[in-house]
Structures are given as C-alpha cells and as structure tokens.
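Here is the structure we will look at, set down as structure tokens.
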Amino acid sequence: MPDPVDPAIVKKAEELRSALHRHNYRYYVLDDPEISDAEYDRLMQALIKLERDYPALVSPDSPTARVGAPPLAKFDTIAHTLPMLSLDNGFSDADILEFDNRVKRFLKTQEEIIYTAEPKMDGVAVELVYENGRLITGATRGDGRTGEVITANLRTIASVPFLIQTDYLPTIPSRLEVRGEVFIGIEVFQQLNQERVEQNLPPFANPRNAAAGSLRQLDSKITAQRPLEIFFYGVGIITDYAFHTHWALLQALKGWGFRINPLIRPQITIRQALEYYRALMAMRHSLSYDIDGMVIKVDSLPRQRQMGATTRSPRWAIAYKFQALQETTVLENIEVQVGRTGVLTPVACLRPVQVGGVVVSRATLHNEDEIAKKDIRIGDTVLVQRAGDVIPEVVKVVVSGRVGTEMQFKMPSNCPVCGSSVVRLEGEAATRCINSRCSAQIKERIKHFASKGAFDIDGLGDKLVDQLVGRGFLRSYADLFDLDEQTLAGLERMGPKSAANLKKALESSKSISWARFLYALGIRHVGEHVAALLASCFQNLEELMHCPAAELEAVEGVGPVVAESIVNFFNQESNRQAIKQLLAGGVQIELEASKKTGRLAGKVFVLTGTLQGFTRRQAQEMIAAAGGKVGGAVSRNTDFVVVGDSPGSKLDRARNLGVEIIDETMFREMLGLRPELPEKGG
Ligand code: IVH
C-alpha cells in the first residue's frame with residue numbers, strides 16, 4: 001500500500017485539475033481564454049510535478065492524461081447503439097430547394113421550415129460515450145454500425161473533455177453519446193508534411209488523410225504529437241433530456257464542455273441557408289481548416305423523429321457540397337514543354353475532368369525528380385488538385401488502380417523542339433535545352449516580352465507569336481518593332497485592319513518604364529519585383545550593364561544567383577545586340593519615372609563625412625536613381641543629412657536647423673540596401 005498522501009497535497013492537485021479543466025473549456029469551447037498560454041503551461045507543469053512526486057494522485061481524468069497510452073496490438077470494435085448514418089448530397093441550389101420541398105411533403109405542410117445550417121467539416125467522424133459525466137469510450141464511425149475503439153487516441157485531443165462540465169446545466173445525462181468530426185488544421189498539416197518529407201516518409205495527400213492517419217495509430221503517443229481538433233455536431237443516445245430543437249441541443253452540448261463550431265447558423269429559412277452557403281464558400285479558403293460543404297438540418301427534433309431515416313441517411317438533413325478541388329482521372333500521356341529559359345517541363349495530359357468547376361486536362365509535373373518521387377507513370381490513375389488560380393497538379397498516384405501496362409517516363413536527351421542536346425546541371429532539378437536559338441525558347445521569350453507586366457502589346461497573342469516565329473519573321477523580340485503591316489496582314493487569321501491595330505499597339509508600347517523594360521528582357525530570376533528593385537537602384541541601362549556581380553548583391557533582394565544571372569545576361573553578345581536593336585527601333589526607356597515613383601522621390605539629401613560602403617559619387621548616384629536629389633549645402637529645404645566618419649560643419653548646421661540626421665545604416669535602409677555585414681569579431 002502506498003503511503004496516504006497529505007490531504008493538503010490532494011487538495012492542491014484537485015484545485016489544479018479543476019482550474020485546468022476550466023481553462024481548457026474557456027479556451028476550446030468558449031474561445032475566450034482568461035489566462036495566457038504560458039500561465040496555462042505553468043499550471044500544467046505544476047500538476048505534472050505533483051503527480052510525478054505522488055503517483056497515488058494519478059487519475060485517468062487528469063488533464064495531464066493527454067500524452068497517449070501504451071501501444072495496442074489491434075483496435076477492438078464496438079457496435080454503435082444508434083447507427084452513424086451518412087448524409088445525402090446536393091450539388092446545386094435546385095437540389096437544395098428540392099430537398100426543402102421533400103421535407104414539406106413529408107411533414108404535410110406548406111409553411112416555411114426552420115433549419116440549422118453548419119459547415120461540413122472535412123475530417124473523420126467519431127462518437128464519444130460518456131457515462132455519468134465521464135468519458136468511457138471513443139470510436140470511429142466505421143461502417144456506421146460498428147466502429148473501432150480509439151479511446152486512447154481521442155483522449156489526446158485537447159478539446160475532448162474527460163469530464164462533463166456542470167456549471168451551466170447541472171443535470172448530467174447518465175448516458176451521452178456525442179458525435180463530432182476530428183480534423184487537423186491546414187497549417188499543422190503543412191508542417192507535418194514538411195517534417196515527413198524531411199524524414200523520407202510519404203506526405204499525406206490532404207488534411208483529412210492526415211487526421212485519419214493520426215487517429216488510427218495503435219500507438220496513441222504518436223497521436224498525441226499531432227495537434228488534432230474536434231467540433232461536435234450531434235448525438236446518438238442522450239438520456240434525461242428531451243430537447244425541442246437541434247440548436248438547443250447544440251447549446252446544451254456547448255454548456256457541457258463540447259466544442260461547437262462558432263460558424264453554425266441557427267434557425268434559418270432555406271433561402272437564408274442558400275445565402276449562407278455562398279458566404280461559407282467565400283470564406284472557405286481563409287478558414288484554418290478544410291470544409292467541403294454545408295450541412296442543412298431540420299431544426300425541430302420532433303420533426304426529425306417524424307421523418308426518420310433510410311438505411312443510408314436521415315431524411316431531415318442534406319449536405320450541400322462544394323465543388324471538389326481534387327478529383328481522380330487517368331494520366332494519358334506526358335508531354336515535355338520548353339520554357340523561356342530552356343527549362344524542360346514535363347506536363348501531364350489528363351483525361352478531362354471537372355475539378356472545382358473547371359475542366360482540367362493538363363497539369364504540371366514540375367520536373368524529373370518530382371515524377372520519380374511520386375512514381376508517376378503514363379496510364380496511371382492519378383489524384384489531381386486545383387487550388388485557387390494556381391496551375392493544377394498531380395497530388396499522387398492511385399496505386400491500387402494499376403494494371404501493369406503503365407509506362408515509366410524518361411526525360412528526353414534531346415530538346416523535343418530543336419533537337420539539340422539537353423543538360424542537367426549538378427544540384428539542379430531542371431533539365432535545360434542550351435540552344436538559345438531554340439524556337440520554343442524564342443517564342444516564350446517573345447510572349448514574355450509582350451506580356452502585361454512587360455511591353456503589354458495588345459493583340460500579340462500566343463498563336464500569333466507561334467506563327468511569326470514559325471514562319472521566320474521573328475528571331476528575337478528585338479525584331480518585333482521592325483515588322484511591317486504588310487507582313488502582318490498576310491498572316492493567318494489576320495487582315496489589314498488587325499495588322500494596322502497591332503502595328504499601332506507596337507508603336508505605343510515603345511515608351512516604357514525602366515522597370516518594365518528590365519523585366520521584359522527576360523533575364524533569368526529577374527521577375528517584376530527584382531526588376532523594380534534594380535530600376536530604383538540603377539540610374540540607367542548603361543550602369544546596370546557594367547555593374548559587377550558583387551555590387552549587384554548589395555541590393556536588398558538580390559542574391560548571388562540573381563547577380564550572376566544578370567551579369568551573364570549582359571555578357572552575351574546576342575542580348576547586347578537585341579538591346580541595341582530595340583533602342584535603334586525607337587524604344588524609349590522612361591528613366592524619369594523613378595523621379596516620381598522612386599523610393600526617395602522628391603527628397604533632398606546632403607552628404608557629410610566618409611561613408612564605409614560607398615564612394616561619394618556612388619552615394620549621389622544611388623540617391624538620384626531612387627528619385628532623390630543631392631544638395632551641396634544644408635538648408636531648410638534639406639530633408640536628410642547623411643553622416644559618415646569625421647563629418648564636417650554640415651552636421652552642426654543640420655542640428656541648428658533641426659534637419660533629420662541619419663547614419664549610413666539608415667541610409668542603406670532607405671535605399672533598399674541590406675545593412676552592411678558587421679566586421680568579423682565586431
Ligand atoms: S451530421 C446523420 N454535421 O459528414 C447525420 N455531419 O457525409 C450525421 N460531417 O459522417 C451527420 N460535418 O462525418 C453532420 N456539421 C456536420 C458535419 C458532418 C461533417 C460529416 C460526418 C458524416 C458525414 C456525412
């Protein structure tokens with residue numbers, strides 16, 4: 001027999017437990033914590049210590065008992081007292097209005113039906129059984145009649161109460177079977193997958209799979225490391241109570257300590273439910289968890305009983321599903337595309353399939369490694385995903401769908417367009433065609449040059465570019481401005497009018513801002529953002545073309561790879577030639593733009609003392625390039641005085657006039673430069 005524990009210690013442990021239960025409730029159920037996370041951790045640590053020092057205090061209902069139990073050999077199964085049914089699905093407003101009519105017909109009423117609508121959580125359905133207020137078992141839905149007992153796993157979920165709370169509704173049902181959906185937050189899911197990839201484990205396809213996989217662990221200590229969550233949405237058996245509405249039931253559950261989704265819309269008409277559906281769809285992507293639709297339930301519980309269920313689903317509820325963002329289809333072929341910089345991108349040609357309301361027939365496969373990692377073969381059945389406006393991608397292969405005739409993909413050893421050999425540099429995932437005269441590259445470079453963020457040439461579509469390059473009228477973007485109307489008018493699907501329009505568009509695009517011009521050149525790694533940075537730091541093209549890599553790297557946002565790429569670009573004779581041709585053809589770079597839009601636009605600087613990172617001339621040029629002015633003497637019009645080592649009398653004058661004084665670090669920051677690295681040992 002262990003020694004009896006000092007009553008004062010027992011009391012202390014009880015106080016800690018009840019405080020932790022209460023704070024858990026405030027945090028997870030009410031979403032209104034009273035104490036900080038740190039304070040909560042301190043209370044928890046205190047309880048853990050007490051239970052460690054006095055093992056006799058350990059209890060299965062203690063808030064410390066969320067760390068998992070000894071591993072199981074297999075899961076037991078358990079029969080649900082009442083079957084856990086599925087839901088009927090609707091996919092359009094018409095389906096939902098038809099459901100509403102069915103309900104009215106069944107209830108023999110013309111009157112408006114009151115519903116409660118809830119987000120449909122995309123997770124795993126579970127049932128928890130409480131006897132006299134204590135959690136006894138927890139199980140999966142299974143086949144609806146019997147599920148697997150996963151009590152230890154469910155007990156690791158912080159928002160699953162061990163004990164029913166009695167502060168709000170003092171009578172505890174002697175038996176309560178409460179049902180809900182276990183899920184994993186999107187951020188946690190992404191982090192988990194990242195860890196798995198680092199450990200060479202296959203990533204989960206989506207948060208639902210991650211939640212299911214985490215919940216079905218024989219070792220609940222693993223489950224305990226996965227921050228699962230739960231929302232409760234209904235009950236099986238509940239004794240001692242006869243609620244009149246579903247909403248009242250949910251309120252009672254909340255009072256007892258069960259987490260209810262705060263987005264639930266209680267007691268609304270079918271029209272309001274349809275509006276709510278649209279609201280949910282709009283917020284879908286900003287929620288921290290996945291939902292796949294809305295569930296509409298007849299709110300009156302007597303009416304629910306009156307309507308009953310089929311063997312599959314209740315007649316009083318329907319799920320209004322969102323369009324799926326993932327679908328399976330067959331990958332019929334893999335094509336290789338050649339991009340602007342020569343990168344060969346394998347593209348999946350898919351049997352067309354609706355994903356999220358859009359027909360998808362192609363998806364990027366990124367590169368060779370990606371295909372090998374996912375073991376994607378031609379002929380495979382694959383899971384395809386589309387998220388927002390991004391390019392569809394293949395999530396994974398449905399391996400069970402393989403029949404043995406699938407074929408491995410091999411990256412070609414020659415460019416599929418120009419036939420020259422391709423290279424894959426060490427440490428790079430990309431395979432490249434190194435022939436800069438490859439017609440695919442030329443076409444893509446021209447399309448980029450004409451695109452919105454660059455020269456924005458109206459009427460120069462992809463098809464036209466293909467034709468112009470294919471027929472030898474364009475060898476580079478520099479030839480664009482030399483095209484004559486006659487040539488254009490003679491092309492397929494062109495006539496004198498569209499030729500004249502295009503020529504006009506070409507003419508008016510000739511005057512272009514410095515940043516857009518830089519972007520249009522198509523220098524590898526120089527996107528719109530980097531182009532804008534460079535444009536604000538360099539006065540003109542001449543200056544940038546002659547800038548060594550080391551100096552380029554001083555620009556915040558420009559690393560060694562980008563710097564090298566810029567230097568390489570300007571080192572190539574063909575590129576210098578193209579630029580010459582553009583300028584000779586009348587392209588006007590509007591350097592003036594930086595005077596108005598540069599980061600230092602309109603500001604007057606005076607320099608005094610020696611700067612570490614710049615010569616005086618460089619500093620002056622940087623200010624000018626960013627749209628600022630450099631003054632010789634400090635006056636009331638001076639905005640900033642930049643002070644280096646051993647400053648002169650300008651500093652005193654700045655002080656007297658109250659002009660803002662900045663040091664070199666501040667100055668660099670204003671220019672958008674990285675702070676100078678500190679000296680070694682400094
Ligand atoms: S009520 C008898 N409410 O959807 C009706 N289900 O396809 C029981 N689900 O197995 C379900 N969110 O896993 C209900 N707010 C919600 C739900 C929800 C998600 C799941 C649940 C069920 C499946 C039915």
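Starting from 1 in every chain, residues are counted up; chains themselves are A, B, ... following the order of the structure tokens, and ligands are numbered from 1 as listed.
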Sorted per-residue table, chain A near ligand 1, closest atoms and distance, 10 Å, only C-alpha atoms and all ligand atoms, as CSV:
```
residue,atom,partner,partner_atom_place_in_ligand_line,distance
A:Pro83,CA,ligand 1,2 (C),8.6
A:Met84,CA,ligand 1,2 (C),6.3
A:Leu85,CA,ligand 1,2 (C),4.6
A:Ser86,CA,ligand 1,24 (C),4.2
A:Leu87,CA,ligand 1,7 (O),4.3
A:Asp88,CA,ligand 1,7 (O),7.0
A:Asn89,CA,ligand 1,7 (O),7.7
A:Thr116,CA,ligand 1,15 (N),9.8
A:Ala117,CA,ligand 1,15 (N),7.8
A:Glu118,CA,ligand 1,15 (N),4.9
A:Pro119,CA,ligand 1,15 (N),5.5
A:Lys120,CA,ligand 1,12 (N),3.6
A:Met121,CA,ligand 1,12 (N),4.0
A:Asp122,CA,ligand 1,19 (C),5.9
A:Gly123,CA,ligand 1,13 (O),6.6
A:Val124,CA,ligand 1,13 (O),5.6
A:Ala125,CA,ligand 1,13 (O),3.9
A:Val126,CA,ligand 1,13 (O),7.4
A:Thr140,CA,ligand 1,13 (O),9.7
A:Arg141,CA,ligand 1,10 (O),7.2
A:Gly142,CA,ligand 1,10 (O),9.7
A:Gly144,CA,ligand 1,10 (O),8.4
A:Arg179,CA,ligand 1,8 (C),8.2
A:Gly180,CA,ligand 1,13 (O),7.0
A:Glu181,CA,ligand 1,13 (O),5.6
A:Val182,CA,ligand 1,13 (O),8.5
A:Phe183,CA,ligand 1,19 (C),9.8
A:Phe231,CA,ligand 1,15 (N),8.1
A:Phe232,CA,ligand 1,15 (N),7.6
A:Tyr233,CA,ligand 1,3 (N),5.2
A:Gly234,CA,ligand 1,1 (S),6.5
A:Val235,CA,ligand 1,8 (C),8.9
A:Gly236,CA,ligand 1,2 (C),9.3
A:Ile260,CA,ligand 1,15 (N),9.3
A:Asn261,CA,ligand 1,15 (N),8.2
A:Ile264,CA,ligand 1,15 (N),8.2
A:Ile291,CA,ligand 1,12 (N),7.9
A:Asp292,CA,ligand 1,19 (C),8.2
A:Gly293,CA,ligand 1,12 (N),8.3
A:Met294,CA,ligand 1,15 (N),7.3
A:Val295,CA,ligand 1,15 (N),5.6
A:Ile296,CA,ligand 1,3 (N),8.1
A:Lys297,CA,ligand 1,1 (S),7.9
A:Ala309,CA,ligand 1,2 (C),8.4
A:Arg312,CA,ligand 1,2 (C),8.8
A:Ser313,CA,ligand 1,2 (C),6.0
A:Pro314,CA,ligand 1,2 (C),5.5
A:Arg315,CA,ligand 1,2 (C),8.9
A:Trp316,CA,ligand 1,2 (C),8.6
A:Ala317,CA,ligand 1,5 (C),6.8
A:Ile318,CA,ligand 1,5 (C),8.3
A:Ala319,CA,ligand 1,7 (O),7.0
A:Lys321,CA,ligand 1,7 (O),9.6
```
Just list as a PyMOL selection string whatever in range 372-563 of chain A DSSP marks as alpha helix (DSSP H). chain A and resi 372-374+439-450+462-470+485-489+496-509+514-520+528-537+541-545+549-552+560-563
Set the distance at 12 Å and use only C-alpha atoms: which residues neighbour Ala73 in chain A once local chain neighbours fewer than 6 positions away are removed? I'd like the list as an mmCIF file with N, CA and C atoms, in the first residue's frame.
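Below you can see around-v7.cif, which holds the result:
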```
data_model
loop_
_atom_site.group_PDB
_atom_site.id
_atom_site.type_symbol
_atom_site.label_atom_id
_atom_site.label_comp_id
_atom_site.auth_asym_id
_atom_site.auth_seq_id
_atom_site.Cartn_x
_atom_site.Cartn_y
_atom_site.Cartn_z
ATOM 1 N N GLN A 217 -3.713 5.391 -35.123
ATOM 2 C CA GLN A 217 -2.406 4.934 -34.676
ATOM 3 C C GLN A 217 -2.598 3.960 -33.524
ATOM 4 N N LEU A 218 -1.976 2.801 -33.615
ATOM 5 C CA LEU A 218 -2.057 1.866 -32.484
ATOM 6 C C LEU A 218 -1.289 2.437 -31.296
ATOM 7 N N ASP A 219 -0.301 3.256 -31.598
ATOM 8 C CA ASP A 219 0.457 3.907 -30.532
ATOM 9 C C ASP A 219 -0.074 5.338 -30.356
ATOM 10 N N SER A 220 -0.876 5.520 -29.310
ATOM 11 C CA SER A 220 -1.523 6.825 -29.136
ATOM 12 C C SER A 220 -0.517 7.923 -28.778
#
```
Tell me which of A:Ile523, A:Phe455, A:Gly586, A:Ala46 sits closest to Glu564 in chain A, counting only C-alpha atoms.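 Checking each of A:Ile523, A:Phe455, A:Gly586, A:Ala46 against Glu564 in chain A, counting only C-alpha atoms, the winner is A:Ile523.
CA of Gln306 in chain A sits 29.3 Å away from CA of Gly133 in chain A.
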Pull the strand (DSSP E) assignments for range 390-563 of chain A out of DSSP run on the backbone, and list those residues as a list of chain:residue names.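 Listing strand (DSSP E) positions across range 390-563 of chain A yields A:Glu393, A:Val394, A:Val395, A:Lys396, A:Val397, A:Val422, A:Val423, A:Thr431, A:Arg432, A:Cys433, A:Ser511, A:Ile512, A:Ser513.
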Could those selected residues go to a file with all heavy atoms, as an mmCIF file, in the first residue's frame?
```
data_model
loop_
_atom_site.group_PDB
_atom_site.id
_atom_site.type_symbol
_atom_site.label_atom_id
_atom_site.label_comp_id
_atom_site.auth_asym_id
_atom_site.auth_seq_id
_atom_site.Cartn_x
_atom_site.Cartn_y
_atom_site.Cartn_z
ATOM 1 N N GLU A 393 -2.179 20.408 -60.305
ATOM 2 C CA GLU A 393 -1.056 19.487 -60.168
ATOM 3 C C GLU A 393 -1.510 18.091 -59.780
ATOM 4 O O GLU A 393 -2.611 17.903 -59.293
ATOM 5 C CB GLU A 393 -0.023 20.023 -59.174
ATOM 6 C CG GLU A 393 -0.584 20.369 -57.834
ATOM 7 C CD GLU A 393 0.513 20.700 -56.828
ATOM 8 O OE1 GLU A 393 1.673 20.831 -57.233
ATOM 9 O OE2 GLU A 393 0.174 20.804 -55.653
ATOM 10 N N VAL A 394 -0.624 17.144 -60.040
ATOM 11 C CA VAL A 394 -0.912 15.760 -59.703
ATOM 12 C C VAL A 394 -0.452 15.541 -58.267
ATOM 13 O O VAL A 394 0.722 15.728 -57.953
ATOM 14 C CB VAL A 394 -0.179 14.803 -60.668
ATOM 15 C CG1 VAL A 394 -0.307 13.367 -60.203
ATOM 16 C CG2 VAL A 394 -0.734 14.969 -62.075
ATOM 17 N N VAL A 395 -1.395 15.190 -57.383
ATOM 18 C CA VAL A 395 -1.043 15.008 -55.975
ATOM 19 C C VAL A 395 -0.356 13.669 -55.769
ATOM 20 O O VAL A 395 0.695 13.592 -55.149
ATOM 21 C CB VAL A 395 -2.301 15.078 -55.079
ATOM 22 C CG1 VAL A 395 -1.937 14.912 -53.625
ATOM 23 C CG2 VAL A 395 -3.041 16.374 -55.310
ATOM 24 N N LYS A 396 -0.976 12.619 -56.317
ATOM 25 C CA LYS A 396 -0.382 11.292 -56.147
ATOM 26 C C LYS A 396 -1.030 10.292 -57.085
ATOM 27 O O LYS A 396 -2.048 10.572 -57.714
ATOM 28 C CB LYS A 396 -0.534 10.836 -54.695
ATOM 29 C CG LYS A 396 -1.977 10.621 -54.274
ATOM 30 C CD LYS A 396 -2.048 9.882 -52.957
ATOM 31 C CE LYS A 396 -3.480 9.494 -52.652
ATOM 32 N NZ LYS A 396 -3.612 8.692 -51.475
ATOM 33 N N VAL A 397 -0.408 9.127 -57.141
ATOM 34 C CA VAL A 397 -0.930 8.053 -57.978
ATOM 35 C C VAL A 397 -1.861 7.195 -57.129
ATOM 36 O O VAL A 397 -1.596 6.958 -55.953
ATOM 37 C CB VAL A 397 0.245 7.193 -58.494
ATOM 38 C CG1 VAL A 397 -0.249 5.942 -59.197
ATOM 39 C CG2 VAL A 397 1.125 8.020 -59.423
ATOM 40 N N VAL A 422 20.311 18.224 -74.312
ATOM 41 C CA VAL A 422 19.891 18.939 -73.105
ATOM 42 C C VAL A 422 20.867 18.640 -71.981
ATOM 43 O O VAL A 422 21.587 17.641 -72.025
ATOM 44 C CB VAL A 422 18.463 18.530 -72.683
ATOM 45 C CG1 VAL A 422 17.465 18.864 -73.767
ATOM 46 C CG2 VAL A 422 18.400 17.070 -72.306
ATOM 47 N N VAL A 423 20.912 19.524 -70.981
ATOM 48 C CA VAL A 423 21.809 19.289 -69.848
ATOM 49 C C VAL A 423 21.036 19.410 -68.546
ATOM 50 O O VAL A 423 20.026 20.109 -68.469
ATOM 51 C CB VAL A 423 22.971 20.315 -69.786
ATOM 52 C CG1 VAL A 423 23.896 20.140 -70.962
ATOM 53 C CG2 VAL A 423 22.439 21.724 -69.700
ATOM 54 N N THR A 431 16.101 20.276 -66.182
ATOM 55 C CA THR A 431 16.848 19.889 -67.374
ATOM 56 C C THR A 431 16.635 21.013 -68.380
ATOM 57 O O THR A 431 15.525 21.517 -68.505
ATOM 58 C CB THR A 431 16.271 18.577 -67.942
ATOM 59 O OG1 THR A 431 16.270 17.606 -66.898
ATOM 60 C CG2 THR A 431 17.085 18.074 -69.123
ATOM 61 N N ARG A 432 17.715 21.401 -69.093
ATOM 62 C CA ARG A 432 17.596 22.545 -69.986
ATOM 63 C C ARG A 432 18.057 22.255 -71.400
ATOM 64 O O ARG A 432 19.037 21.542 -71.601
ATOM 65 C CB ARG A 432 18.510 23.676 -69.506
ATOM 66 C CG ARG A 432 18.007 24.420 -68.377
ATOM 67 C CD ARG A 432 19.110 25.343 -67.855
ATOM 68 N NE ARG A 432 18.732 25.687 -66.507
ATOM 69 C CZ ARG A 432 17.798 26.566 -66.239
ATOM 70 N NH1 ARG A 432 17.214 27.232 -67.195
ATOM 71 N NH2 ARG A 432 17.435 26.794 -64.999
ATOM 72 N N CYS A 433 17.390 22.918 -72.323
ATOM 73 C CA CYS A 433 17.868 22.971 -73.700
ATOM 74 C C CYS A 433 18.815 24.163 -73.739
ATOM 75 O O CYS A 433 18.449 25.270 -73.351
ATOM 76 C CB CYS A 433 16.685 23.195 -74.638
ATOM 77 S SG CYS A 433 17.163 23.840 -76.239
ATOM 78 N N SER A 511 7.258 53.371 -75.612
ATOM 79 C CA SER A 511 7.678 54.183 -74.483
ATOM 80 C C SER A 511 7.358 53.405 -73.202
ATOM 81 O O SER A 511 6.208 53.116 -72.924
ATOM 82 C CB SER A 511 6.913 55.507 -74.546
ATOM 83 O OG SER A 511 7.191 56.232 -73.394
ATOM 84 N N ILE A 512 8.385 53.033 -72.466
ATOM 85 C CA ILE A 512 8.196 52.065 -71.378
ATOM 86 C C ILE A 512 9.024 52.454 -70.157
ATOM 87 O O ILE A 512 10.115 53.020 -70.292
ATOM 88 C CB ILE A 512 8.585 50.645 -71.886
ATOM 89 C CG1 ILE A 512 8.249 49.577 -70.837
ATOM 90 C CG2 ILE A 512 10.050 50.574 -72.297
ATOM 91 C CD1 ILE A 512 8.321 48.163 -71.374
ATOM 92 N N SER A 513 8.522 52.146 -68.979
ATOM 93 C CA SER A 513 9.279 52.499 -67.773
ATOM 94 C C SER A 513 10.521 51.611 -67.672
ATOM 95 O O SER A 513 10.570 50.515 -68.220
ATOM 96 C CB SER A 513 8.415 52.324 -66.529
ATOM 97 O OG SER A 513 8.330 50.960 -66.184
#
```
Give me, please, the distance in Å between CA of Ala584 in chain A and CA of Leu502 in chain A, quoted to one decimal.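 Computing it gives 19.8 Å between the two atoms.
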